[in-house]
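Enquirer: Dropping in final04.txt, with compact mmCIF, C-alpha atoms.
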# COMPACT_ATOMS: atom_id res chain seq x y z
CA MET A 1 54.51 120.73 -30.90
CA PRO A 2 51.56 120.74 -28.44
CA LEU A 3 50.09 117.28 -27.90
CA ASN A 4 46.66 118.36 -29.16
CA ASP A 5 48.14 119.62 -32.44
CA LEU A 6 50.15 116.43 -32.82
CA GLN A 7 47.04 114.29 -32.29
CA GLN A 8 45.02 116.30 -34.81
CA GLN A 9 47.75 116.07 -37.45
CA PHE A 10 48.14 112.35 -36.84
CA CYS A 11 44.37 111.80 -37.25
CA ALA A 12 44.32 113.95 -40.40
CA TRP A 13 47.13 111.85 -41.89
CA LEU A 14 45.53 108.58 -40.78
CA ARG A 15 42.24 109.41 -42.52
CA GLU A 16 43.67 111.01 -45.67
CA PRO A 17 42.85 108.86 -48.74
CA ASP A 18 44.96 110.91 -51.18
CA GLU A 19 48.54 109.57 -51.22
CA ASP A 20 50.17 112.90 -52.09
CA ARG A 21 48.39 114.82 -49.36
CA ALA A 22 49.05 111.98 -46.92
CA ARG A 23 52.79 112.20 -47.74
CA VAL A 24 52.82 115.93 -46.96
CA LEU A 25 51.02 115.33 -43.67
CA ALA A 26 53.43 112.53 -42.76
CA GLU A 27 56.43 114.79 -43.42
CA ALA A 28 54.93 117.42 -41.11
CA LEU A 29 54.84 114.82 -38.34
CA ASN A 30 58.61 114.29 -38.74
CA VAL A 31 58.27 110.51 -38.41
CA GLY A 32 59.95 107.87 -40.54
CA PRO A 33 58.45 105.34 -42.99
CA ALA A 34 57.38 103.04 -40.13
CA LEU A 35 54.43 105.39 -39.60
CA VAL A 36 52.59 103.62 -42.43
CA VAL A 37 52.07 100.64 -40.10
CA TYR A 38 49.46 102.66 -38.22
CA GLN A 39 47.58 103.56 -41.38
CA ASN A 40 47.53 99.93 -42.47
CA ASN A 41 46.23 98.81 -39.06
CA TYR A 42 43.58 101.54 -39.14
CA ARG A 43 42.22 100.47 -42.52
CA VAL A 44 42.40 96.73 -41.79
CA SER A 45 40.48 97.24 -38.53
CA LEU A 46 37.73 99.17 -40.31
CA VAL A 47 37.47 96.63 -43.14
CA GLU A 48 37.11 93.82 -40.61
CA ALA A 49 34.50 95.79 -38.67
CA LEU A 50 32.50 96.22 -41.88
CA ARG A 51 32.92 92.55 -42.73
CA GLU A 52 31.70 91.45 -39.29
CA THR A 53 28.61 93.67 -39.45
CA HIS A 54 27.87 92.92 -43.10
CA ALA A 55 28.73 89.24 -43.28
CA ARG A 56 25.99 88.40 -45.82
CA VAL A 57 27.07 91.21 -48.15
CA ALA A 58 30.65 89.97 -47.90
CA ALA A 59 29.53 86.43 -48.77
CA TRP A 60 27.42 87.70 -51.69
CA LEU A 61 30.09 89.97 -53.20
CA GLY A 62 33.18 87.86 -52.57
CA GLU A 63 36.35 89.00 -50.82
CA ALA A 64 37.88 91.19 -53.53
CA ALA A 65 34.71 93.13 -54.38
CA PHE A 66 33.85 93.56 -50.70
CA ASP A 67 37.32 94.86 -49.84
CA ALA A 68 37.13 97.37 -52.71
CA ALA A 69 33.72 98.57 -51.52
CA ALA A 70 35.01 98.84 -47.95
CA ALA A 71 37.87 101.01 -49.19
CA HIS A 72 35.33 103.40 -50.75
CA GLN A 73 33.47 103.52 -47.44
CA ILE A 74 36.62 104.22 -45.43
CA ASP A 75 37.80 106.96 -47.77
CA ALA A 76 34.42 108.71 -47.86
CA HIS A 77 33.29 108.17 -44.26
CA PRO A 78 35.90 108.03 -41.48
CA PRO A 79 34.62 106.71 -38.14
CA SER A 80 33.10 109.31 -35.82
CA SER A 81 31.46 107.29 -33.04
CA TRP A 82 33.00 106.19 -29.74
CA THR A 83 32.38 102.56 -30.69
CA ILE A 84 33.49 100.72 -33.80
CA ASP A 85 30.20 98.77 -33.68
CA ALA A 86 28.49 101.88 -35.05
CA TYR A 87 30.82 102.18 -38.02
CA GLY A 88 29.37 101.77 -41.49
CA THR A 89 25.90 103.28 -41.22
CA GLN A 90 26.48 104.84 -44.65
CA PHE A 91 27.70 101.56 -46.18
CA PRO A 92 24.37 100.66 -47.87
CA GLU A 93 24.41 103.98 -49.74
CA VAL A 94 28.04 103.48 -50.72
CA LEU A 95 27.11 100.07 -52.12
CA ARG A 96 24.10 101.56 -53.91
CA SER A 97 26.38 104.08 -55.61
CA LEU A 98 28.83 101.34 -56.65
CA TRP A 99 26.15 98.90 -57.89
CA PRO A 100 23.15 101.07 -58.86
CA ASP A 101 21.61 98.29 -60.97
CA ASP A 102 21.90 95.59 -58.29
CA ALA A 103 19.47 96.65 -55.58
CA GLU A 104 19.91 93.42 -53.64
CA ILE A 105 23.45 94.44 -52.59
CA ALA A 106 22.43 97.60 -50.72
CA ASP A 107 19.33 95.81 -49.43
CA LEU A 108 21.48 93.01 -47.98
CA ALA A 109 23.62 95.63 -46.26
CA MET A 110 20.56 97.28 -44.71
CA ILE A 111 19.35 93.91 -43.43
CA ASP A 112 22.81 93.11 -42.05
CA ARG A 113 22.82 96.43 -40.20
CA ALA A 114 19.27 95.97 -38.90
CA VAL A 115 20.04 92.47 -37.62
CA GLY A 116 23.13 93.76 -35.84
CA ASP A 117 21.25 96.69 -34.31
CA ALA A 118 18.42 94.41 -33.20
CA PHE A 119 20.87 92.05 -31.54
CA VAL A 120 22.41 94.77 -29.34
CA ALA A 121 19.16 96.65 -28.70
CA ARG A 122 17.85 97.21 -25.19
CA ASP A 123 16.04 94.23 -23.69
CA ALA A 124 12.28 94.39 -23.08
CA VAL A 125 9.84 91.83 -21.72
CA PRO A 126 6.91 91.44 -24.18
CA ILE A 127 3.53 92.24 -22.71
CA ASP A 128 1.47 89.41 -21.25
CA PRO A 129 -1.68 88.99 -23.40
CA ALA A 130 -3.65 88.63 -20.16
CA ALA A 131 -3.00 92.35 -19.53
CA LEU A 132 -5.25 93.24 -22.49
CA ALA A 133 -8.35 92.73 -20.34
CA THR A 134 -7.73 96.01 -18.52
CA VAL A 135 -6.66 98.15 -21.50
CA ASP A 136 -8.57 101.33 -22.34
CA TRP A 137 -8.65 100.87 -26.12
CA ASP A 138 -9.86 104.43 -26.72
CA ARG A 139 -6.58 105.75 -25.33
CA ALA A 140 -4.12 102.87 -25.75
CA VAL A 141 -0.89 103.37 -27.73
CA ILE A 142 1.01 100.26 -28.86
CA ARG A 143 4.65 100.34 -27.76
CA MET A 144 6.87 98.02 -29.80
CA VAL A 145 9.93 96.22 -28.43
CA PRO A 146 13.16 98.29 -28.70
CA SER A 147 14.83 95.73 -30.98
CA LEU A 148 12.34 96.26 -33.83
CA ARG A 149 13.82 97.72 -37.01
CA LEU A 150 11.95 98.50 -40.25
CA VAL A 151 13.82 98.14 -43.53
CA THR A 152 12.43 99.09 -46.94
CA ILE A 153 13.81 96.77 -49.62
CA THR A 154 13.32 96.83 -53.37
CA SER A 155 14.52 93.29 -53.96
CA ASN A 156 14.13 89.81 -52.51
CA ALA A 157 17.19 90.42 -50.34
CA ASP A 158 15.39 88.94 -47.33
CA ALA A 159 15.22 85.56 -49.08
CA LEU A 160 18.85 85.93 -50.19
CA TRP A 161 19.94 86.84 -46.64
CA LEU A 162 18.22 83.82 -45.12
CA ALA A 163 19.73 81.51 -47.75
CA LEU A 164 23.22 82.90 -47.14
CA ALA A 165 22.78 82.59 -43.37
CA SER A 166 21.70 78.96 -43.59
CA GLY A 167 24.12 77.89 -46.30
CA GLU A 168 21.28 77.06 -48.68
CA PRO A 169 21.39 77.85 -52.43
CA ALA A 170 20.37 81.46 -53.00
CA PRO A 171 17.23 82.09 -55.07
CA ALA A 172 17.34 84.14 -58.26
CA CYS A 173 17.44 87.90 -57.66
CA GLU A 174 14.23 89.89 -57.97
CA THR A 175 14.83 93.61 -57.97
CA GLY A 176 12.85 96.75 -58.60
CA ALA A 177 13.40 100.47 -58.83
CA GLU A 178 13.12 102.96 -56.01
CA PRO A 179 9.61 103.09 -54.51
CA ALA A 180 8.75 106.40 -56.17
CA THR A 181 9.49 105.04 -59.65
CA LEU A 182 8.56 101.39 -59.29
CA PRO A 183 6.84 100.22 -62.49
CA ALA A 184 3.38 98.74 -62.13
CA THR A 185 4.56 95.58 -63.89
CA LEU A 186 6.74 94.54 -60.95
CA PRO A 187 5.32 92.15 -58.33
CA ALA A 188 3.22 93.74 -55.61
CA THR A 189 5.73 92.45 -53.05
CA LEU A 190 8.32 95.01 -54.19
CA PRO A 191 9.13 97.32 -52.58
CA ALA A 192 8.54 95.67 -49.23
CA THR A 193 8.80 96.70 -45.58
CA LEU A 194 10.84 94.18 -43.65
CA MET A 195 10.42 93.79 -39.90
CA VAL A 196 13.60 92.77 -38.06
CA TRP A 197 13.62 92.14 -34.32
CA ARG A 198 15.02 89.85 -31.65
CA GLN A 199 13.28 86.97 -29.91
CA GLY A 200 15.46 86.13 -26.92
CA PHE A 201 18.94 85.96 -28.46
CA GLU A 202 17.68 85.09 -31.96
CA PRO A 203 17.16 87.78 -34.62
CA VAL A 204 14.10 87.14 -36.79
CA MET A 205 12.58 88.87 -39.80
CA ARG A 206 9.54 88.84 -42.02
CA ARG A 207 7.70 91.15 -44.39
CA ALA A 208 4.90 93.36 -43.13
CA ASP A 209 1.60 93.52 -45.01
CA ALA A 210 -0.12 96.82 -45.82
CA THR A 211 -2.17 96.96 -42.61
CA GLU A 212 0.90 96.17 -40.52
CA GLN A 213 2.91 98.88 -42.23
CA LEU A 214 0.26 101.46 -41.39
CA MET A 215 -0.06 100.25 -37.80
CA LEU A 216 3.69 100.07 -37.27
CA ARG A 217 4.50 103.53 -38.54
CA ARG A 218 1.54 105.18 -36.83
CA SER A 219 2.20 103.38 -33.52
CA ILE A 220 5.88 104.35 -33.61
CA ALA A 221 4.76 107.93 -34.26
CA GLY A 222 2.59 107.79 -31.12
CA ALA A 223 -0.88 107.39 -32.63
CA GLY A 224 -3.44 105.56 -30.49
CA PHE A 225 -5.00 102.22 -31.41
CA ALA A 226 -8.46 103.79 -31.83
CA GLN A 227 -7.06 106.47 -34.15
CA ILE A 228 -5.30 103.81 -36.22
CA CYS A 229 -8.56 101.85 -36.51
CA ASP A 230 -10.25 105.02 -37.81
CA GLU A 231 -7.55 105.39 -40.46
CA ILE A 232 -7.93 101.76 -41.54
CA ALA A 233 -11.69 102.32 -41.70
CA ALA A 234 -11.09 104.78 -44.54
CA GLU A 235 -10.62 101.67 -46.72
CA CYS A 236 -13.38 99.53 -45.22
CA ASP A 237 -16.19 99.69 -42.66
CA ALA A 238 -15.49 100.29 -38.96
CA GLN A 239 -16.06 96.69 -37.86
CA ALA A 240 -13.77 95.31 -40.55
CA ALA A 241 -11.10 97.86 -39.54
CA ILE A 242 -11.26 96.72 -35.91
CA THR A 243 -11.02 93.09 -37.02
CA ARG A 244 -8.01 93.78 -39.24
CA ALA A 245 -6.22 95.79 -36.55
CA GLY A 246 -7.04 93.19 -33.91
CA THR A 247 -5.70 90.38 -36.09
CA VAL A 248 -2.41 92.21 -36.57
CA LEU A 249 -2.14 93.01 -32.86
CA GLY A 250 -2.81 89.36 -32.01
CA ARG A 251 -0.01 88.26 -34.31
CA TRP A 252 2.37 90.80 -32.77
CA LEU A 253 1.56 89.56 -29.29
CA GLY A 254 2.30 86.00 -30.35
CA GLU A 255 5.62 87.08 -31.86
CA GLY A 256 6.70 89.03 -28.78
CA LEU A 257 6.71 92.36 -30.63
CA VAL A 258 4.65 94.41 -28.18
CA ALA A 259 6.43 95.77 -25.12
CA GLY A 260 3.39 97.56 -23.72
CA LEU A 261 0.09 99.33 -24.27
CA ASP A 262 0.45 102.84 -22.85
As structure tokens, how would this structure be written, given the file I've shared?

Expert:
Amino acid sequence: MPLNDLQQQFCAWLREPDEDRARVLAEALNVGPALVVYQNNYRVSLVEALRETHARVAAWLGEAAFDAAAAHQIDAHPPSSWTIDAYGTQFPEVLRSLWPDDAEIADLAMIDRAVGDAFVARDAVPIDPAALATVDWDRAVIRMVPSLRLVTITSNADALWLALASGEPAPACETGAEPATLPATLPATLPATLMVWRQGFEPVMRRADATEQLMLRRSIAGAGFAQICDEIAAECDAQAAITRAGTVLGRWLGEGLVAGLD
């Protein structure tokens, strides 16, 4: 058998979740029962990769429930990237399908993933506030640091995550529906946009207010600061819009979120 065919058959067997089909594939490889060692190592490695990336979800669910969820992920989504660090991008949706009434579980997974991505993101030196004196504000575009991630949550998973990370007692869960169907009776804080980024080697997070959400998404899309101020002015007068945008920008500068003003 050509090596390429052998490799493809081996990978097909390794990733096959159905036991009967896996048995047929194993017989075609003409290898004895010891072959199952490779399949066990494959699955254990992927479970541990998921556990390392999603440590807070694992702590929240407990070992048995997490392992069962990881098995669903592995069966539905074999790895496809060159690095195992990238494995599990679909895990939040798998968790959402398994626990549709417990939004905090998928939200925790999204935060886990965002924290991990922020930690390995490209380094960038935040802009020196002194550089603002020479900025052409009519043309300036805010460039955020590469580690910034935005996560939309429909629960208080951020508070749960921080409690799990610090070993503190977790607060009671507060969950809502998807943003499109969120009842008006739920707190205004849900759904929320969570900002996750890295300060030095330390990942940090906090919720973004309404003005920040607009400025973040429009800046990431390439809109200029002056254009963003005009959009904010649709809700208030021009001077108030400039004040609101300037206040947010000042906070970002203090938090090391701005990599440049292009």

Enquirer: Taking (5.8, 84.1, -32.3) in the file's coordinates, which residues come within 12 Å, counting all atoms listed in the file, written as a compact mmCIF listing (two decimals) with C-alpha atoms, keeping the file's coordinate frame?

Expert:
# COMPACT_ATOMS: atom_id res chain seq x y z
CA PRO A 126 6.91 91.44 -24.18
CA TRP A 197 13.62 92.14 -34.32
CA ARG A 198 15.02 89.85 -31.65
CA GLN A 199 13.28 86.97 -29.91
CA GLY A 200 15.46 86.13 -26.92
CA GLU A 202 17.68 85.09 -31.96
CA VAL A 204 14.10 87.14 -36.79
CA MET A 205 12.58 88.87 -39.80
CA ARG A 206 9.54 88.84 -42.02
CA LEU A 249 -2.14 93.01 -32.86
CA GLY A 250 -2.81 89.36 -32.01
CA ARG A 251 -0.01 88.26 -34.31
CA TRP A 252 2.37 90.80 -32.77
CA LEU A 253 1.56 89.56 -29.29
CA GLY A 254 2.30 86.00 -30.35
CA GLU A 255 5.62 87.08 -31.86
CA GLY A 256 6.70 89.03 -28.78
CA LEU A 257 6.71 92.36 -30.63
CA VAL A 258 4.65 94.41 -28.18

Enquirer: Work out how far apart atom CA of Met195 of chain A and atom CA of Ser80 of chain A are and give it in Å to one decimal.

Expert: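 Between these atoms lies a distance of 27.8 Å.
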
Enquirer: Using only C-alpha atoms for the distances, tell me which of A:Cys173, A:Trp137, A:Gly260, A:Leu150 is nearest to Ile242 of chain A.

Expert: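 Of the candidates, the smallest distance to Ile242 of chain A is held by A:Trp137.
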
Enquirer: By how many Å are atom CA of Gly62 of chain A and atom CA of Ile84 of chain A apart?

Expert: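 Atom-to-atom, atom CA of Gly62 of chain A and atom CA of Ile84 of chain A are spaced 22.8 Å apart.
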
Enquirer: May I ask which of the residues A:Asp128, A:Asp112, A:Asp209, A:Asp138 is the closest one to Leu164 of chain A, counting all atoms listed in the file?

Expert: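 Among A:Asp128, A:Asp112, A:Asp209, A:Asp138, it is A:Asp112 that comes nearest to Leu164 of chain A.
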
Enquirer: Step by step: start from the point (0.3, 95.7, -39.8) in the file's coordinates, keep every protein, DNA or RNA residue that has an atom no farther than 9 Å from it, count all atoms listed in the file, and write the set as number ranges by chain.

Expert: A: 208-217, 244-245, 247-249, 252

Enquirer: What separation in Å, quoted to one decimal, exists between atom CA of Val57 of chain A and atom CA of Leu108 of chain A?

Expert: 5.9 Å

Enquirer: For Asp123 of chain A, list every protein, DNA or RNA residue within 9 Å, evaluated using only C-alpha atoms, and leave out those in the same chain fewer than 3 positions away; present the list as a list of chain:residue names.

Expert: A:Val120, A:Val145, A:Pro146, A:Ser147, A:Gly200

Enquirer: Do a neighbour search on segment 69-75 of chain A at 10 Å with only C-alpha atoms, toss out local chain neighbours closer than 5 positions, and write the hits as a ChimeraX atom specification.

Expert: /A:15-18,42-44,46-51,58,61,63-64,87-95,98-99

Enquirer: If we count only C-alpha atoms and set the cut-off at 10 Å, which residues sit around Glu174 of chain A, ignoring sequence neighbours fewer than 5 positions away in its own chain? Please answer as a list in words.

Expert: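 The contact residues come out as Asp102, Ala103, Glu104, Thr154, Ser155, Asn156, Ala157, Ala159, Leu160, Leu186, Pro187 and Leu190 of chain A.
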
Enquirer: Centre and edge lengths, as lines of an AutoDock Vina configuration file, for the axis-aligned box enclosing every listed atom of segment 69-77 of chain A with 4 Å of padding on each of the six sides, in Å to one decimal?

Expert:
center_x = 35.6
center_y = 103.6
center_z = -47.9
size_x = 12.6
size_y = 18.1
size_z = 15.3

Enquirer: From the options A:Glu231, A:Asp67, A:Glu168, A:Asp158, which residue's atoms come nearest to Ala114 of chain A, counting all atoms listed in the file?

Expert: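 Comparing A:Glu231, A:Asp67, A:Glu168, A:Asp158 against Ala114 of chain A, the winner is A:Asp158.
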
Enquirer: Determine the nearest neighbour of Phe225 of chain A from the options A:Thr152, A:Arg139, A:Pro169, A:Pro129, counting only C-alpha atoms.

Expert: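 That would be A:Arg139, the residue with the smallest distance to Phe225 of chain A.
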